[in-house]
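Pasting input.txt here (compact mmCIF, C-alpha atoms):
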```txt
# COMPACT_ATOMS: atom_id res chain seq x y z
CA MET A 1 9.28 -29.19 -5.60
CA ALA A 2 9.41 -26.51 -8.25
CA GLU A 3 12.14 -23.95 -7.90
CA THR A 4 12.47 -20.59 -9.58
CA VAL A 5 13.70 -22.11 -12.79
CA ASP A 6 11.99 -21.78 -16.13
CA VAL A 7 12.67 -23.10 -19.56
CA ARG A 8 12.77 -20.92 -22.65
CA LYS A 9 10.42 -21.45 -25.57
CA ASP A 10 13.15 -23.04 -27.62
CA GLY A 11 13.50 -25.71 -24.94
CA ALA A 12 16.96 -24.64 -23.83
CA PRO A 13 17.41 -24.01 -20.11
CA PRO A 14 17.80 -20.34 -19.25
CA SER A 15 21.25 -19.04 -18.45
CA LEU A 16 22.37 -18.63 -14.86
CA GLU A 17 22.27 -14.88 -15.34
CA GLY A 18 18.78 -15.05 -16.85
CA ARG A 19 17.50 -17.09 -13.93
CA ALA A 20 18.98 -14.67 -11.41
CA GLU A 21 17.41 -11.72 -13.24
CA GLU A 22 14.07 -13.48 -13.37
CA ASN A 23 14.25 -14.16 -9.62
CA LEU A 24 15.05 -10.53 -8.87
CA ARG A 25 12.19 -9.40 -11.14
CA PHE A 26 9.82 -11.74 -9.32
CA ILE A 27 10.91 -10.40 -5.93
CA ARG A 28 10.46 -6.80 -7.06
CA GLU A 29 7.04 -7.46 -8.59
CA THR A 30 5.85 -9.30 -5.49
CA MET A 31 7.05 -6.48 -3.26
CA GLU A 32 5.26 -3.94 -5.45
CA LYS A 33 2.03 -5.90 -5.32
CA ALA A 34 2.31 -6.43 -1.58
CA GLY A 35 3.15 -2.77 -1.09
CA THR A 36 -0.37 -1.82 -2.10
CA PHE A 37 -1.54 -3.48 1.09
CA THR A 38 0.27 -0.93 3.19
CA ASP A 39 0.72 2.28 1.25
CA VAL A 40 -2.44 4.04 2.45
CA SER A 41 -2.05 5.05 6.07
CA GLY A 42 -5.14 4.39 8.15
CA TRP A 43 -4.00 6.64 10.98
CA GLY A 44 -3.17 9.39 8.48
CA THR A 45 -6.59 9.04 6.89
CA ALA A 46 -8.29 9.21 10.30
CA ALA A 47 -6.24 12.30 11.18
CA VAL A 48 -7.30 13.94 7.93
CA GLY A 49 -10.90 13.19 8.94
CA GLY A 50 -10.32 14.91 12.27
CA THR A 51 -8.97 18.07 10.67
CA ALA A 52 -11.83 18.04 8.15
CA LEU A 53 -14.39 17.95 10.96
CA ALA A 54 -12.68 20.96 12.53
CA ALA A 55 -12.62 22.70 9.15
CA ALA A 56 -16.32 22.01 8.65
CA TRP A 57 -17.09 23.61 12.01
CA LEU A 58 -14.95 26.64 11.17
CA ALA A 59 -16.41 26.92 7.67
CA SER A 60 -19.96 26.81 9.04
CA ARG A 61 -19.15 29.98 10.99
CA ALA A 62 -17.76 31.85 7.97
CA GLN A 63 -19.78 34.92 7.03
CA THR A 64 -18.85 35.00 3.36
CA PHE A 65 -18.33 32.52 0.55
CA GLN A 66 -14.69 33.61 0.30
CA GLY A 67 -14.20 32.88 4.00
CA TRP A 68 -15.85 29.48 3.64
CA LEU A 69 -13.74 28.66 0.58
CA GLY A 70 -10.57 29.82 2.34
CA VAL A 71 -11.17 27.46 5.26
CA TRP A 72 -11.69 24.47 2.98
CA LEU A 73 -8.71 25.29 0.76
CA ALA A 74 -6.50 25.54 3.85
CA GLU A 75 -7.91 22.19 4.97
CA ALA A 76 -7.13 20.68 1.56
CA LEU A 77 -3.52 21.78 1.90
CA LEU A 78 -3.23 20.51 5.47
CA ALA A 79 -4.91 17.22 4.56
CA SER A 80 -2.54 16.69 1.61
CA LEU A 81 0.48 17.26 3.83
CA LEU A 82 -0.88 15.02 6.57
CA GLY A 83 -1.97 12.26 4.20
CA PHE A 84 1.27 12.06 2.24
CA SER A 85 3.46 12.40 5.35
CA ALA A 86 1.57 9.53 6.94
CA MET A 87 1.93 7.43 3.78
CA ALA A 88 5.66 8.18 3.63
CA TRP A 89 6.04 7.25 7.31
CA LYS A 90 4.16 4.02 6.77
CA SER A 91 6.20 3.16 3.67
CA ARG A 92 9.47 3.79 5.51
CA ARG A 93 8.30 1.72 8.45
CA ALA A 94 7.60 -1.16 6.07
CA GLY A 95 11.07 -0.83 4.60
CA SER A 96 10.03 0.65 1.25
CA SER A 97 9.83 4.10 -0.26
CA LEU A 98 6.73 6.15 -1.06
CA LEU A 99 8.39 6.76 -4.41
CA SER A 100 8.28 3.05 -5.16
CA HIS A 101 6.05 1.91 -8.02
CA PRO A 102 2.83 1.43 -5.98
CA GLY A 103 3.26 4.78 -4.23
CA ARG A 104 3.83 6.61 -7.50
CA ARG A 105 0.93 4.80 -9.10
CA PHE A 106 -1.37 5.82 -6.26
CA ALA A 107 -0.30 9.48 -6.43
CA LEU A 108 -0.54 9.61 -10.23
CA SER A 109 -4.04 8.09 -10.19
CA LEU A 110 -5.24 10.52 -7.54
CA ALA A 111 -3.76 13.67 -9.07
CA PRO A 112 -5.88 14.16 -12.26
CA PRO A 113 -9.31 14.21 -10.53
CA LEU A 114 -7.93 16.56 -7.87
CA ALA A 115 -6.56 18.88 -10.55
CA ALA A 116 -9.94 18.76 -12.32
CA GLY A 117 -11.60 19.65 -9.02
CA ALA A 118 -9.32 22.66 -8.58
CA VAL A 119 -10.12 23.95 -12.08
CA LEU A 120 -13.87 23.41 -11.65
CA THR A 121 -13.80 25.16 -8.26
CA ALA A 122 -12.10 28.18 -9.78
CA ALA A 123 -14.58 28.25 -12.66
CA LEU A 124 -17.64 27.88 -10.42
CA ALA A 125 -16.37 30.48 -7.94
CA ARG A 126 -15.62 32.91 -10.76
CA ALA A 127 -19.07 32.38 -12.27
CA GLY A 128 -20.66 32.99 -8.87
CA ILE A 129 -22.19 29.51 -8.67
CA PRO A 130 -20.92 28.11 -5.35
CA GLY A 131 -23.78 25.65 -4.83
CA PRO A 132 -22.32 22.64 -6.68
CA ILE A 133 -18.80 23.02 -5.23
CA PRO A 134 -19.21 20.55 -2.29
CA GLY A 135 -20.68 17.94 -4.63
CA VAL A 136 -17.89 18.47 -7.17
CA TRP A 137 -15.21 18.09 -4.48
CA LEU A 138 -16.74 14.96 -3.02
CA ILE A 139 -17.43 13.26 -6.33
CA LEU A 140 -14.00 14.04 -7.86
CA TYR A 141 -12.09 13.12 -4.71
CA GLY A 142 -14.11 9.89 -4.61
CA ALA A 143 -13.28 9.21 -8.26
CA GLY A 144 -9.58 9.75 -7.53
CA VAL A 145 -9.58 7.47 -4.50
CA THR A 146 -11.53 4.81 -6.41
CA THR A 147 -9.11 4.75 -9.35
CA ALA A 148 -5.99 5.04 -7.17
CA GLY A 149 -7.40 2.36 -4.89
CA ALA A 150 -7.94 -0.04 -7.78
CA PHE A 151 -4.38 -1.20 -7.06
CA SER A 152 -4.89 -1.38 -3.32
CA VAL A 153 -6.96 -3.31 -0.82
CA ARG A 154 -10.70 -3.28 -1.45
CA VAL A 155 -11.50 -0.96 1.40
CA VAL A 156 -9.75 1.93 -0.40
CA PRO A 157 -11.90 1.91 -3.57
CA ALA A 158 -14.91 1.25 -1.32
CA MET A 159 -14.15 4.49 0.48
CA GLY A 160 -13.90 6.23 -2.90
CA ILE A 161 -17.30 4.93 -3.96
CA CYS A 162 -18.83 6.21 -0.70
CA PHE A 163 -17.37 9.65 -1.44
CA MET A 164 -18.82 9.54 -4.96
CA ALA A 165 -22.25 8.59 -3.61
CA LEU A 166 -22.11 11.42 -1.11
CA GLY A 167 -20.97 13.79 -3.87
CA ALA A 168 -23.89 12.75 -6.06
CA ALA A 169 -26.23 13.36 -3.12
CA ALA A 170 -24.68 16.79 -2.56
CA LEU A 171 -25.30 17.77 -6.18
CA PHE A 172 -29.02 16.97 -5.88
CA THR A 173 -29.78 18.31 -2.42
CA PRO A 174 -30.25 21.93 -1.29
CA PRO A 175 -27.01 23.95 -1.40
CA GLY A 176 -27.39 24.65 2.31
CA TRP A 177 -26.55 21.02 3.05
CA GLY A 178 -23.18 21.28 1.33
CA ASN A 179 -21.06 22.00 4.39
CA ALA A 180 -22.68 19.20 6.40
CA LEU A 181 -22.11 16.75 3.55
CA LEU A 182 -18.46 17.83 3.34
CA ALA A 183 -18.17 17.15 7.08
CA ALA A 184 -19.79 13.75 6.60
CA GLY A 185 -17.46 12.91 3.71
CA PHE A 186 -14.05 14.41 4.38
CA GLY A 187 -14.62 14.10 8.13
CA GLY A 188 -16.81 11.09 8.80
CA LEU A 189 -15.79 8.78 5.97
CA HIS A 190 -12.07 9.47 6.52
CA VAL A 191 -12.33 8.74 10.24
CA VAL A 192 -14.34 5.53 9.80
CA PHE A 193 -12.31 4.12 6.89
CA GLY A 194 -9.07 5.38 8.45
CA PHE A 195 -9.61 3.39 11.62
CA TRP A 196 -10.65 0.39 9.55
CA ILE A 197 -7.49 0.54 7.42
CA ALA A 198 -5.27 1.15 10.48
CA ARG A 199 -6.76 -1.83 12.28
CA ARG A 200 -6.63 -4.22 9.36
CA TYR A 201 -3.64 -3.13 7.29
CA GLY A 202 -0.81 -2.35 9.63
CA GLY A 203 -1.35 1.25 10.70
CA MET B 1 -1.07 -5.20 13.39
CA ALA B 2 2.23 -3.73 14.37
CA GLU B 3 5.41 -5.61 13.77
CA PRO B 4 7.91 -5.53 16.64
CA ALA B 5 10.45 -2.84 16.01
CA ASP B 6 13.39 -5.21 16.31
CA ASP B 7 12.42 -6.90 13.06
CA ARG B 8 12.74 -3.66 11.14
CA ARG B 9 16.11 -2.70 12.49
CA PRO B 10 19.10 -4.11 10.72
CA THR B 11 20.31 -6.75 13.08
CA GLY B 12 23.99 -7.14 12.44
CA PRO B 13 24.94 -5.48 9.16
CA ARG B 14 25.95 -8.04 6.64
CA ARG B 15 28.45 -7.04 4.01
CA PRO B 16 27.90 -8.40 0.53
CA ARG B 17 30.39 -11.06 -0.42
CA LYS B 18 33.00 -9.78 -2.79
CA THR B 19 33.53 -13.04 -4.57
CA PRO B 20 30.27 -14.92 -4.59
CA GLY B 21 30.34 -18.44 -5.75
CA LEU B 22 28.16 -19.34 -8.67
CA SER B 23 27.20 -22.71 -7.38
CA PRO B 24 23.45 -23.13 -6.90
CA ARG B 25 24.37 -24.96 -3.68
CA GLU B 26 25.16 -21.60 -2.11
CA VAL B 27 21.64 -20.35 -2.70
CA ASP B 28 19.34 -20.52 0.31
CA ARG B 29 17.17 -23.28 -1.07
CA LEU B 30 14.53 -22.62 1.53
CA ILE B 31 13.55 -19.33 -0.06
CA HIS B 32 14.68 -20.20 -3.58
CA GLU B 33 11.38 -21.99 -4.20
CA ARG B 34 8.95 -19.61 -5.96
CA THR B 35 6.05 -19.62 -3.48
CA ARG B 36 8.35 -19.26 -0.47
CA LEU B 37 10.30 -16.50 -2.20
CA GLY B 38 6.99 -14.76 -2.85
CA ILE B 39 5.91 -15.06 0.78
CA VAL B 40 9.19 -13.66 2.08
CA SER B 41 9.28 -10.85 -0.52
CA ALA B 42 5.71 -9.78 0.21
CA LEU B 43 6.27 -9.76 3.96
CA ALA B 44 9.44 -7.72 3.51
CA VAL B 45 7.37 -4.67 2.53
CA ALA B 46 4.26 -5.21 4.66
CA PRO B 47 4.23 -5.25 8.46
CA SER B 48 1.99 -8.29 8.32
CA LEU B 49 -0.26 -10.04 5.84
CA SER B 50 -3.08 -12.45 6.46
CA PHE B 51 -3.24 -15.90 4.95
CA VAL B 52 -5.99 -14.78 2.58
CA GLU B 53 -4.05 -11.69 1.47
CA LEU B 54 -0.96 -13.77 0.78
CA ARG B 55 -2.97 -16.38 -1.10
CA LYS B 56 -4.54 -13.73 -3.34
CA LEU B 57 -1.26 -11.92 -3.83
CA LEU B 58 0.62 -15.04 -4.87
CA GLY B 59 -2.30 -16.60 -6.74
CA THR B 60 -1.81 -19.95 -5.10
CA SER B 61 -4.02 -22.52 -3.39
CA ASP B 62 -4.75 -22.81 0.34
CA GLY B 63 -2.87 -26.09 0.57
CA ASN B 64 0.20 -24.90 -1.31
CA LEU B 65 0.48 -21.70 0.70
CA SER B 66 -0.06 -23.55 3.94
CA VAL B 67 2.73 -26.05 3.22
CA HIS B 68 5.27 -23.42 2.21
CA ALA B 69 4.37 -21.01 5.01
CA ARG B 70 4.84 -23.86 7.48
CA LYS B 71 8.34 -24.54 6.16
CA LEU B 72 9.30 -20.88 6.51
CA GLU B 73 7.78 -20.79 9.97
CA GLU B 74 9.72 -23.88 11.05
CA ALA B 75 12.92 -22.24 9.80
CA GLY B 76 12.14 -19.13 11.84
CA TYR B 77 11.93 -16.93 8.73
CA ILE B 78 8.34 -15.91 9.35
CA ALA B 79 6.15 -15.74 12.45
CA CYS B 80 2.51 -16.66 12.51
CA ALA B 81 -0.25 -15.29 14.76
CA LYS B 82 -3.62 -16.99 14.88
CA GLY B 83 -6.73 -15.23 16.07
CA PHE B 84 -10.33 -14.48 15.26
CA GLU B 85 -11.98 -11.67 13.41
CA GLY B 86 -15.46 -11.90 14.81
CA ARG B 87 -16.12 -15.60 14.51
CA VAL B 88 -13.88 -16.13 11.52
CA PRO B 89 -10.41 -17.56 12.17
CA ARG B 90 -7.60 -15.33 10.93
CA THR B 91 -3.92 -16.12 10.47
CA ASP B 92 -1.41 -13.30 10.13
CA TYR B 93 2.20 -13.67 9.08
CA ARG B 94 5.15 -11.35 9.50
CA LEU B 95 8.78 -11.57 8.54
CA THR B 96 11.28 -12.18 11.34
CA ALA B 97 14.76 -10.62 11.55
CA LEU B 98 16.17 -13.98 10.48
CA GLY B 99 13.89 -14.06 7.44
CA ARG B 100 14.81 -10.52 6.48
CA ARG B 101 18.50 -11.37 6.64
CA ALA B 102 17.89 -14.49 4.55
CA LEU B 103 16.15 -12.42 1.88
CA GLU B 104 18.96 -9.85 1.92
CA ARG B 105 21.50 -12.66 1.50
CA TYR B 106 19.48 -14.10 -1.35
CA LEU B 107 19.26 -10.70 -3.07
CA ASP B 108 23.00 -10.22 -2.63
CA HIS B 109 23.64 -13.61 -4.09
CA MET B 110 21.48 -12.98 -7.16
CA GLU B 111 22.98 -9.53 -7.77
CA HIS B 112 26.55 -10.76 -7.39
CA LEU B 113 25.82 -13.71 -9.60
CA ILE B 114 24.57 -11.41 -12.39
CA ARG B 115 27.59 -9.14 -12.03
CA ALA B 116 30.01 -12.05 -12.01
CA VAL B 117 28.49 -13.59 -15.14
CA ARG B 118 28.53 -10.25 -16.97
CA LYS B 119 32.15 -9.63 -15.99
CA GLY B 120 33.17 -13.10 -17.08
```

Whole structure, structure tokens version:
Amino acid sequence: MAETVDVRKDGAPPSLEGRAEENLRFIRETMEKAGTFTDVSGWGTAAVGGTALAAAWLASRAQTFQGWLGVWLAEALLASLLGFSAMAWKSRRAGSSLLSHPGRRFALSLAPPLAAGAVLTAALARAGIPGPIPGVWLILYGAGVTTAGAFSVRVVPAMGICFMALGAAALFTPPGWGNALLAAGFGGLHVVFGFWIARRYGG
Amino acid sequence: MAEPADDRRPTGPRRPRKTPGLSPREVDRLIHERTRLGIVSALAVAPSLSFVELRKLLGTSDGNLSVHARKLEEAGYIACAKGFEGRVPRTDYRLTALGRRALERYLDHMEHLIRAVRKG
């Protein structure tokens, strides 16, 4: 039965120290790979969906574009706090840290599309073109989740692709549908995929 | 699938040995084998993993994983739950408190071994 022993290219057996280091490296790498199975919190994702549905209802009652935008920006902040708190809780529960390699990788992959979305929102709002904003949010958030989820279980990038599809639809449908599509995406997709992840991947 | 809380709590703190021996005999040979070490390491950071997830993660065959998982299960290092997902059979594994302690001991041993060799 093969043990964790390798032989160097020159044919000489590795040193005791080298073997121990190699074993520790293997353990760390395996833990990092396995961590991707659990980093995304299903319950956190579902909770974010719940708050997004409430935000969509509130936003639909806003009288002005500024009011509508304010509701969704507040929701973005709340969702970020909820999502990352839930991920941190899940990581701790699994005996690892959110700041471990997979957690950092997920956050770093998600951040650039979200930053791009913030800049585009500011530019579109300033130019007085609010119509494409829901589509931009959905498509960029979907892109972020898809790339961040490339290191995770398949359901995570699948959720990202659904967001991108919804975002594409939002960009080519009447602007009046935007709020409903945001509710379907940030609300509906988060709730459905959140429960799926929670049920299949440990919470 | 939630892991029982008792498996996540440290059950009896174990202090690292101050003067670890360098003899390979002291290594827990049960988890020293690469596939078994991989199984235990993966389950240490995930509440539970299915057979298929473990197989993909470790890049091993059904037969190989099955044999090594059985050995760990017999030693009480991992626990196995069999069920169905729809009509498809599903096997989930989780690390037991005993398995977690064994991994901690193994990590201690490797770290002390490296330190001892560097000091020497």

| said: Please determine, counting only C-alpha atoms, which residue among A:Ala34, A:Glu22, A:Ile133, A:Leu77 has the shortest atom-to-atom distance to chain B. | reply: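 Among the listed residues, the smallest separation from chain B belongs to A:Ala34.
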
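For the set B:Arg101, B:Lys82, B:Lys71, B:Arg115, the residue with the smallest atom-to-atom gap to chain A is B:Arg115, counting all atoms listed in the file.
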
| message | Could you tell me how far atom CA of B:Tyr106 sits from atom CA of B:Arg118, in Å to one decimal place? | response |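 Between these atoms lies a distance of 18.5 Å.
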
Which chain B residues have any atom within 8 Å of an atom of chain A, and for each, what is the nearest pair of atoms with distance in Å to one decimal, counting all atoms listed in the file, rows sorted by chain and number, as JSON lines?
```
{"residue": "B:Met1", "atom": "CA", "partner": "A:Gly202", "partner_atom": "CA", "distance": 4.7}
{"residue": "B:Ala2", "atom": "CA", "partner": "A:Gly202", "partner_atom": "CA", "distance": 5.8}
{"residue": "B:Arg8", "atom": "CA", "partner": "A:Gly95", "partner_atom": "CA", "distance": 7.3}
{"residue": "B:His32", "atom": "CA", "partner": "A:Glu3", "partner_atom": "CA", "distance": 6.3}
{"residue": "B:Glu33", "atom": "CA", "partner": "A:Glu3", "partner_atom": "CA", "distance": 4.3}
{"residue": "B:Arg34", "atom": "CA", "partner": "A:Thr4", "partner_atom": "CA", "distance": 5.1}
{"residue": "B:Leu37", "atom": "CA", "partner": "A:Ile27", "partner_atom": "CA", "distance": 7.2}
{"residue": "B:Gly38", "atom": "CA", "partner": "A:Thr30", "partner_atom": "CA", "distance": 6.2}
{"residue": "B:Ser41", "atom": "CA", "partner": "A:Met31", "partner_atom": "CA", "distance": 5.6}
{"residue": "B:Ala42", "atom": "CA", "partner": "A:Met31", "partner_atom": "CA", "distance": 5.0}
{"residue": "B:Leu43", "atom": "CA", "partner": "A:Ala34", "partner_atom": "CA", "distance": 7.6}
{"residue": "B:Ala44", "atom": "CA", "partner": "A:Gly95", "partner_atom": "CA", "distance": 7.2}
{"residue": "B:Val45", "atom": "CA", "partner": "A:Ala94", "partner_atom": "CA", "distance": 5.0}
{"residue": "B:Ala46", "atom": "CA", "partner": "A:Ala94", "partner_atom": "CA", "distance": 5.4}
{"residue": "B:Pro47", "atom": "CA", "partner": "A:Ala94", "partner_atom": "CA", "distance": 5.8}
{"residue": "B:Ser48", "atom": "CA", "partner": "A:Gly202", "partner_atom": "CA", "distance": 6.7}
{"residue": "B:Leu49", "atom": "CA", "partner": "A:Tyr201", "partner_atom": "CA", "distance": 7.8}
{"residue": "B:Leu57", "atom": "CA", "partner": "A:Ala34", "partner_atom": "CA", "distance": 6.9}
{"residue": "B:Leu58", "atom": "CA", "partner": "A:Thr30", "partner_atom": "CA", "distance": 7.8}
{"residue": "B:Leu107", "atom": "CA", "partner": "A:Leu24", "partner_atom": "CA", "distance": 7.2}
{"residue": "B:Met110", "atom": "CA", "partner": "A:Ala20", "partner_atom": "CA", "distance": 5.2}
{"residue": "B:Glu111", "atom": "CA", "partner": "A:Ala20", "partner_atom": "CA", "distance": 7.5}
{"residue": "B:Leu113", "atom": "CA", "partner": "A:Glu17", "partner_atom": "CA", "distance": 6.8}
{"residue": "B:Ile114", "atom": "CA", "partner": "A:Glu17", "partner_atom": "CA", "distance": 5.1}
{"residue": "B:Val117", "atom": "CA", "partner": "A:Glu17", "partner_atom": "CA", "distance": 6.4}
{"residue": "B:Arg118", "atom": "CA", "partner": "A:Glu17", "partner_atom": "CA", "distance": 8.0}
```

| task | Could you please determine the separation between atom CA of B:Leu103 and atom CA of B:Leu30 in Å, to one decimal place? | result | 10.3 Å

| query | For the atom pair atom CA of A:Pro157 and atom CA of B:Glu85, what is the interatomic distance in Å to one decimal place? | reply |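 Those two atoms sit 21.7 Å apart.
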
| Pick from A:Ala165, A:Ala62, A:Leu82, A:Leu138: nearest to A:Ser41, with only C-alpha atoms counted? |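 Going through A:Ala165, A:Ala62, A:Leu82, A:Leu138 one by one, the smallest distance to A:Ser41 is for A:Leu82.
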
| query | Excluding same-chain residues fewer than 5 positions from A:Pro112, what lies within 10 Å of it counting all atoms listed in the file, as a VMD selection string? | reply | chain A and resid 107 117 to 118 140 to 141 143 to 144

| said: Using all atoms listed in the file for the distances, tell me which of A:Asn179, A:Ala123, A:Val192, A:Val155 is nearest to A:Val71. | reply: A:Asn179
